[in-house]
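The structure appears below as structure tokens.
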Amino acid sequence: MGISASNRLMPHNTQGPDGKQTVRKATLTDLVVGLICADRDGNRIRIDRVDPAGDKLSYHFLNDELRVQEGIQESSIEEFLSEGWYAAAGSMTL
């Protein structure tokens, strides 16, 4: 039996059995309250607030049980998107 870590590196592009992309880089249209994103190292965050007019969003880092791990982080939307966070397509979870 192999050991698997929850923080394994994420690929640039993940496709489901039907050939459709299931995990992709987050875009502006993905940014909604409650969205869980992950980075290439497997770190996960949950978006808590999105303010497009103010170009800001806030989020929490999550632990392996998807519970809040740290205090609220705030970022400009542009900076957040440039960091390369990934989002699951449809109803999938990361």
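Please note that chains go A, B, ... in the order of the structure tokens, that every chain numbers its residues from 1, and that ligands are numbered from 1 in the order shown.
Secondary structure by DSSP on the backbone puts the following residues of stretch 12-80 of chain A in alpha helix (DSSP H): Ile77, Glu78, Glu79 and Phe80 of chain A.
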Selection file, all heavy atoms, as a PDB file, in the first residue's frame:
ATOM      1  N   ILE A  77      -7.587  41.396  -6.675  1.00  0.00           N
ATOM      2  CA  ILE A  77      -8.020  40.309  -7.549  1.00  0.00           C
ATOM      3  C   ILE A  77      -6.933  40.010  -8.582  1.00  0.00           C
ATOM      4  O   ILE A  77      -6.614  38.850  -8.846  1.00  0.00           O
ATOM      5  CB  ILE A  77      -9.367  40.645  -8.216  1.00  0.00           C
ATOM      6  CG1 ILE A  77     -10.473  40.658  -7.142  1.00  0.00           C
ATOM      7  CG2 ILE A  77      -9.689  39.666  -9.331  1.00  0.00           C
ATOM      8  CD1 ILE A  77     -11.823  41.139  -7.622  1.00  0.00           C
ATOM      9  N   GLU A  78      -6.338  41.046  -9.130  1.00  0.00           N
ATOM     10  CA  GLU A  78      -5.277  40.866 -10.132  1.00  0.00           C
ATOM     11  C   GLU A  78      -4.105  40.081  -9.555  1.00  0.00           C
ATOM     12  O   GLU A  78      -3.588  39.158 -10.184  1.00  0.00           O
ATOM     13  CB  GLU A  78      -4.807  42.231 -10.637  1.00  0.00           C
ATOM     14  CG  GLU A  78      -3.737  42.150 -11.689  1.00  0.00           C
ATOM     15  CD  GLU A  78      -3.284  43.537 -12.161  1.00  0.00           C
ATOM     16  OE1 GLU A  78      -3.928  44.543 -11.844  1.00  0.00           O
ATOM     17  OE2 GLU A  78      -2.260  43.582 -12.857  1.00  0.00           O
ATOM     18  N   GLU A  79      -3.672  40.431  -8.349  1.00  0.00           N
ATOM     19  CA  GLU A  79      -2.552  39.737  -7.716  1.00  0.00           C
ATOM     20  C   GLU A  79      -2.922  38.275  -7.434  1.00  0.00           C
ATOM     21  O   GLU A  79      -2.132  37.367  -7.672  1.00  0.00           O
ATOM     22  CB  GLU A  79      -2.171  40.429  -6.417  1.00  0.00           C
ATOM     23  CG  GLU A  79      -1.009  39.787  -5.693  1.00  0.00           C
ATOM     24  CD  GLU A  79      -0.675  40.499  -4.399  1.00  0.00           C
ATOM     25  OE1 GLU A  79      -1.047  41.673  -4.240  1.00  0.00           O
ATOM     26  OE2 GLU A  79      -0.049  39.854  -3.550  1.00  0.00           O
ATOM     27  N   PHE A  80      -4.140  38.049  -6.933  1.00  0.00           N
ATOM     28  CA  PHE A  80      -4.601  36.686  -6.645  1.00  0.00           C
ATOM     29  C   PHE A  80      -4.555  35.821  -7.903  1.00  0.00           C
ATOM     30  O   PHE A  80      -4.029  34.712  -7.883  1.00  0.00           O
ATOM     31  CB  PHE A  80      -6.021  36.726  -6.071  1.00  0.00           C
ATOM     32  CG  PHE A  80      -6.581  35.369  -5.769  1.00  0.00           C
ATOM     33  CD1 PHE A  80      -6.289  34.737  -4.576  1.00  0.00           C
ATOM     34  CD2 PHE A  80      -7.401  34.724  -6.683  1.00  0.00           C
ATOM     35  CE1 PHE A  80      -6.805  33.469  -4.294  1.00  0.00           C
ATOM     36  CE2 PHE A  80      -7.918  33.466  -6.414  1.00  0.00           C
ATOM     37  CZ  PHE A  80      -7.622  32.844  -5.216  1.00  0.00           C
TER      38      PHE A  80
END
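Summary of the local environment: counting only C-alpha atoms, residues at most 7 Å from stretch 60-62 of chain A, other than itself and those fewer than 4 positions away along its chain, are Arg44, Ile45, Arg46, Ile47, Leu66, Arg67, Val68, Gln69, Glu70, Gly71, Ile72 and Gln73 of chain A.
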With N, CA, C and O atoms retained, export the selected residues as an mmCIF file, in the first residue's frame.
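result.cif, written as the output of this step:
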data_model
loop_
_atom_site.group_PDB
_atom_site.id
_atom_site.type_symbol
_atom_site.label_atom_id
_atom_site.label_comp_id
_atom_site.auth_asym_id
_atom_site.auth_seq_id
_atom_site.Cartn_x
_atom_site.Cartn_y
_atom_site.Cartn_z
ATOM 1 N N ARG A 44 -4.638 24.801 0.018
ATOM 2 C CA ARG A 44 -6.014 25.142 -0.356
ATOM 3 C C ARG A 44 -6.495 26.363 0.405
ATOM 4 O O ARG A 44 -6.148 26.565 1.565
ATOM 5 N N ILE A 45 -7.337 27.142 -0.283
ATOM 6 C CA ILE A 45 -7.941 28.327 0.314
ATOM 7 C C ILE A 45 -9.430 28.339 0.001
ATOM 8 O O ILE A 45 -9.872 27.687 -0.935
ATOM 9 N N ARG A 46 -10.178 29.060 0.830
ATOM 10 C CA ARG A 46 -11.603 29.275 0.565
ATOM 11 C C ARG A 46 -11.825 30.776 0.454
ATOM 12 O O ARG A 46 -11.413 31.549 1.323
ATOM 13 N N ILE A 47 -12.464 31.203 -0.621
ATOM 14 C CA ILE A 47 -12.734 32.623 -0.824
ATOM 15 C C ILE A 47 -13.881 33.047 0.094
ATOM 16 O O ILE A 47 -14.929 32.402 0.117
ATOM 17 N N LEU A 66 -10.133 20.661 5.577
ATOM 18 C CA LEU A 66 -10.822 21.826 5.011
ATOM 19 C C LEU A 66 -11.379 22.749 6.092
ATOM 20 O O LEU A 66 -12.394 23.410 5.903
ATOM 21 N N ARG A 67 -10.691 22.816 7.223
ATOM 22 C CA ARG A 67 -11.041 23.751 8.284
ATOM 23 C C ARG A 67 -10.090 24.943 8.187
ATOM 24 O O ARG A 67 -8.955 24.813 7.738
ATOM 25 N N VAL A 68 -10.563 26.097 8.639
ATOM 26 C CA VAL A 68 -9.751 27.313 8.576
ATOM 27 C C VAL A 68 -8.454 27.106 9.346
ATOM 28 O O VAL A 68 -8.456 26.647 10.479
ATOM 29 N N GLN A 69 -7.353 27.451 8.695
ATOM 30 C CA GLN A 69 -6.025 27.237 9.262
ATOM 31 C C GLN A 69 -5.395 28.533 9.750
ATOM 32 O O GLN A 69 -4.645 28.526 10.708
ATOM 33 N N GLU A 70 -5.649 29.626 9.090
ATOM 34 C CA GLU A 70 -5.019 30.902 9.421
ATOM 35 C C GLU A 70 -6.056 32.002 9.375
ATOM 36 O O GLU A 70 -7.187 31.789 8.955
ATOM 37 N N GLY A 71 -5.636 33.207 9.756
ATOM 38 C CA GLY A 71 -6.520 34.361 9.682
ATOM 39 C C GLY A 71 -6.809 34.767 8.251
ATOM 40 O O GLY A 71 -6.275 34.205 7.296
ATOM 41 N N ILE A 72 -7.668 35.744 8.121
ATOM 42 C CA ILE A 72 -8.079 36.226 6.796
ATOM 43 C C ILE A 72 -6.899 36.858 6.069
ATOM 44 O O ILE A 72 -6.154 37.652 6.636
ATOM 45 N N GLN A 73 -6.746 36.484 4.812
ATOM 46 C CA GLN A 73 -5.754 37.089 3.919
ATOM 47 C C GLN A 73 -6.520 37.978 2.945
ATOM 48 O O GLN A 73 -7.627 37.639 2.540
#
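Taking atom CA of A:Gly42 and atom CA of A:Asp55 as the two end points, the separation is 25.5 Å.
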Practice task
Rounded to one decimal place, report the atom CA of A:Ser75-atom CA of A:Asp48 distance in Å.
Solution key: 11.7 Å
Exercise for the section: Rank nothing, just name the residue among A:Asp30, A:Ser58, A:Leu35, A:Asn43 nearest to A:Ser76, using only C-alpha atoms. Expected result: A:Ser58
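The shortest atom-to-atom distance to A:Ile36, with only C-alpha atoms taken into account, belongs to A:Tyr59 out of A:Gly54, A:Thr22, A:Glu83, A:Tyr59.
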Exercise for the section: Rank A:Cys37, A:Glu74, A:Glu65, A:Gly84 by their smallest atom-to-atom distance to A:Arg49, using only C-alpha atoms, and report the top residue only. Expected result: A:Glu74
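Picture a line from atom CA of A:Ala88 to atom CA of A:Leu57; it runs 18.7 Å.
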Show me, as an mmCIF file with all heavy atoms, in the first residue's frame, the residues that have an atom within 9 Å of A:Trp85 when counting only C-alpha atoms, minus same-chain residues fewer than 5 positions from it.
data_model
loop_
_atom_site.group_PDB
_atom_site.id
_atom_site.type_symbol
_atom_site.label_atom_id
_atom_site.label_comp_id
_atom_site.auth_asym_id
_atom_site.auth_seq_id
_atom_site.Cartn_x
_atom_site.Cartn_y
_atom_site.Cartn_z
ATOM 1 N N ARG A 24 -8.541 23.694 -13.558
ATOM 2 C CA ARG A 24 -7.883 24.702 -14.397
ATOM 3 C C ARG A 24 -7.557 25.913 -13.545
ATOM 4 O O ARG A 24 -8.044 26.041 -12.427
ATOM 5 C CB ARG A 24 -8.787 25.087 -15.548
ATOM 6 C CG ARG A 24 -10.118 25.637 -15.108
ATOM 7 C CD ARG A 24 -11.022 25.940 -16.295
ATOM 8 N NE ARG A 24 -12.382 26.151 -15.886
ATOM 9 C CZ ARG A 24 -12.821 27.187 -15.175
ATOM 10 N NH1 ARG A 24 -11.993 28.124 -14.789
ATOM 11 N NH2 ARG A 24 -14.083 27.302 -14.836
ATOM 12 N N LYS A 25 -6.718 26.777 -14.087
ATOM 13 C CA LYS A 25 -6.389 28.004 -13.361
ATOM 14 C C LYS A 25 -7.648 28.831 -13.154
ATOM 15 O O LYS A 25 -8.473 28.961 -14.049
ATOM 16 C CB LYS A 25 -5.343 28.817 -14.113
ATOM 17 C CG LYS A 25 -3.956 28.259 -13.961
ATOM 18 C CD LYS A 25 -2.932 29.239 -14.437
ATOM 19 C CE LYS A 25 -1.545 28.664 -14.169
ATOM 20 N NZ LYS A 25 -0.510 29.602 -14.523
ATOM 21 N N ALA A 26 -7.774 29.374 -11.957
ATOM 22 C CA ALA A 26 -8.939 30.207 -11.631
ATOM 23 C C ALA A 26 -8.926 31.476 -12.477
ATOM 24 O O ALA A 26 -7.868 32.042 -12.765
ATOM 25 C CB ALA A 26 -8.932 30.561 -10.149
ATOM 26 N N THR A 27 -10.112 31.906 -12.882
ATOM 27 C CA THR A 27 -10.278 33.136 -13.640
ATOM 28 C C THR A 27 -11.206 34.068 -12.874
ATOM 29 O O THR A 27 -11.825 33.664 -11.888
ATOM 30 C CB THR A 27 -10.880 32.858 -15.032
ATOM 31 O OG1 THR A 27 -12.201 32.337 -14.856
ATOM 32 C CG2 THR A 27 -10.034 31.883 -15.832
ATOM 33 N N CYS A 37 -9.948 26.881 -3.778
ATOM 34 C CA CYS A 37 -8.896 26.831 -4.792
ATOM 35 C C CYS A 37 -7.668 26.164 -4.195
ATOM 36 O O CYS A 37 -7.520 26.087 -2.974
ATOM 37 C CB CYS A 37 -8.513 28.240 -5.243
ATOM 38 S SG CYS A 37 -9.817 29.166 -6.040
ATOM 39 N N ALA A 38 -6.780 25.697 -5.052
ATOM 40 C CA ALA A 38 -5.528 25.091 -4.614
ATOM 41 C C ALA A 38 -4.394 25.618 -5.477
ATOM 42 O O ALA A 38 -4.598 25.991 -6.626
ATOM 43 C CB ALA A 38 -5.601 23.575 -4.727
ATOM 44 N N ASP A 39 -3.202 25.641 -4.899
ATOM 45 C CA ASP A 39 -2.034 26.017 -5.698
ATOM 46 C C ASP A 39 -1.301 24.751 -6.123
ATOM 47 O O ASP A 39 -1.718 23.634 -5.803
ATOM 48 C CB ASP A 39 -1.137 27.010 -4.962
ATOM 49 C CG ASP A 39 -0.473 26.446 -3.716
ATOM 50 O OD1 ASP A 39 -0.544 25.211 -3.481
ATOM 51 O OD2 ASP A 39 0.117 27.241 -2.966
ATOM 52 N N ARG A 40 -0.214 24.903 -6.839
ATOM 53 C CA ARG A 40 0.522 23.738 -7.357
ATOM 54 C C ARG A 40 1.114 22.881 -6.250
ATOM 55 O O ARG A 40 1.429 21.719 -6.448
ATOM 56 C CB ARG A 40 1.621 24.209 -8.300
ATOM 57 C CG ARG A 40 1.045 24.751 -9.587
ATOM 58 C CD ARG A 40 2.084 24.953 -10.609
ATOM 59 N NE ARG A 40 2.769 23.675 -10.833
ATOM 60 C CZ ARG A 40 3.797 23.521 -11.602
ATOM 61 N NH1 ARG A 40 4.284 24.542 -12.245
ATOM 62 N NH2 ARG A 40 4.368 22.360 -11.759
ATOM 63 N N ARG A 44 -4.638 24.801 0.018
ATOM 64 C CA ARG A 44 -6.014 25.142 -0.356
ATOM 65 C C ARG A 44 -6.495 26.363 0.405
ATOM 66 O O ARG A 44 -6.148 26.565 1.565
ATOM 67 C CB ARG A 44 -6.936 23.961 -0.078
ATOM 68 C CG ARG A 44 -6.682 22.834 -1.056
ATOM 69 C CD ARG A 44 -7.315 21.597 -0.605
ATOM 70 N NE ARG A 44 -6.626 21.171 0.614
ATOM 71 C CZ ARG A 44 -6.610 19.942 1.079
ATOM 72 N NH1 ARG A 44 -7.263 19.015 0.462
ATOM 73 N NH2 ARG A 44 -5.969 19.634 2.174
ATOM 74 N N PHE A 80 -4.140 38.049 -6.933
ATOM 75 C CA PHE A 80 -4.601 36.686 -6.645
ATOM 76 C C PHE A 80 -4.555 35.821 -7.903
ATOM 77 O O PHE A 80 -4.029 34.712 -7.883
ATOM 78 C CB PHE A 80 -6.021 36.726 -6.071
ATOM 79 C CG PHE A 80 -6.581 35.369 -5.769
ATOM 80 C CD1 PHE A 80 -6.289 34.737 -4.576
ATOM 81 C CD2 PHE A 80 -7.401 34.724 -6.683
ATOM 82 C CE1 PHE A 80 -6.805 33.469 -4.294
ATOM 83 C CE2 PHE A 80 -7.918 33.466 -6.414
ATOM 84 C CZ PHE A 80 -7.622 32.844 -5.216
#
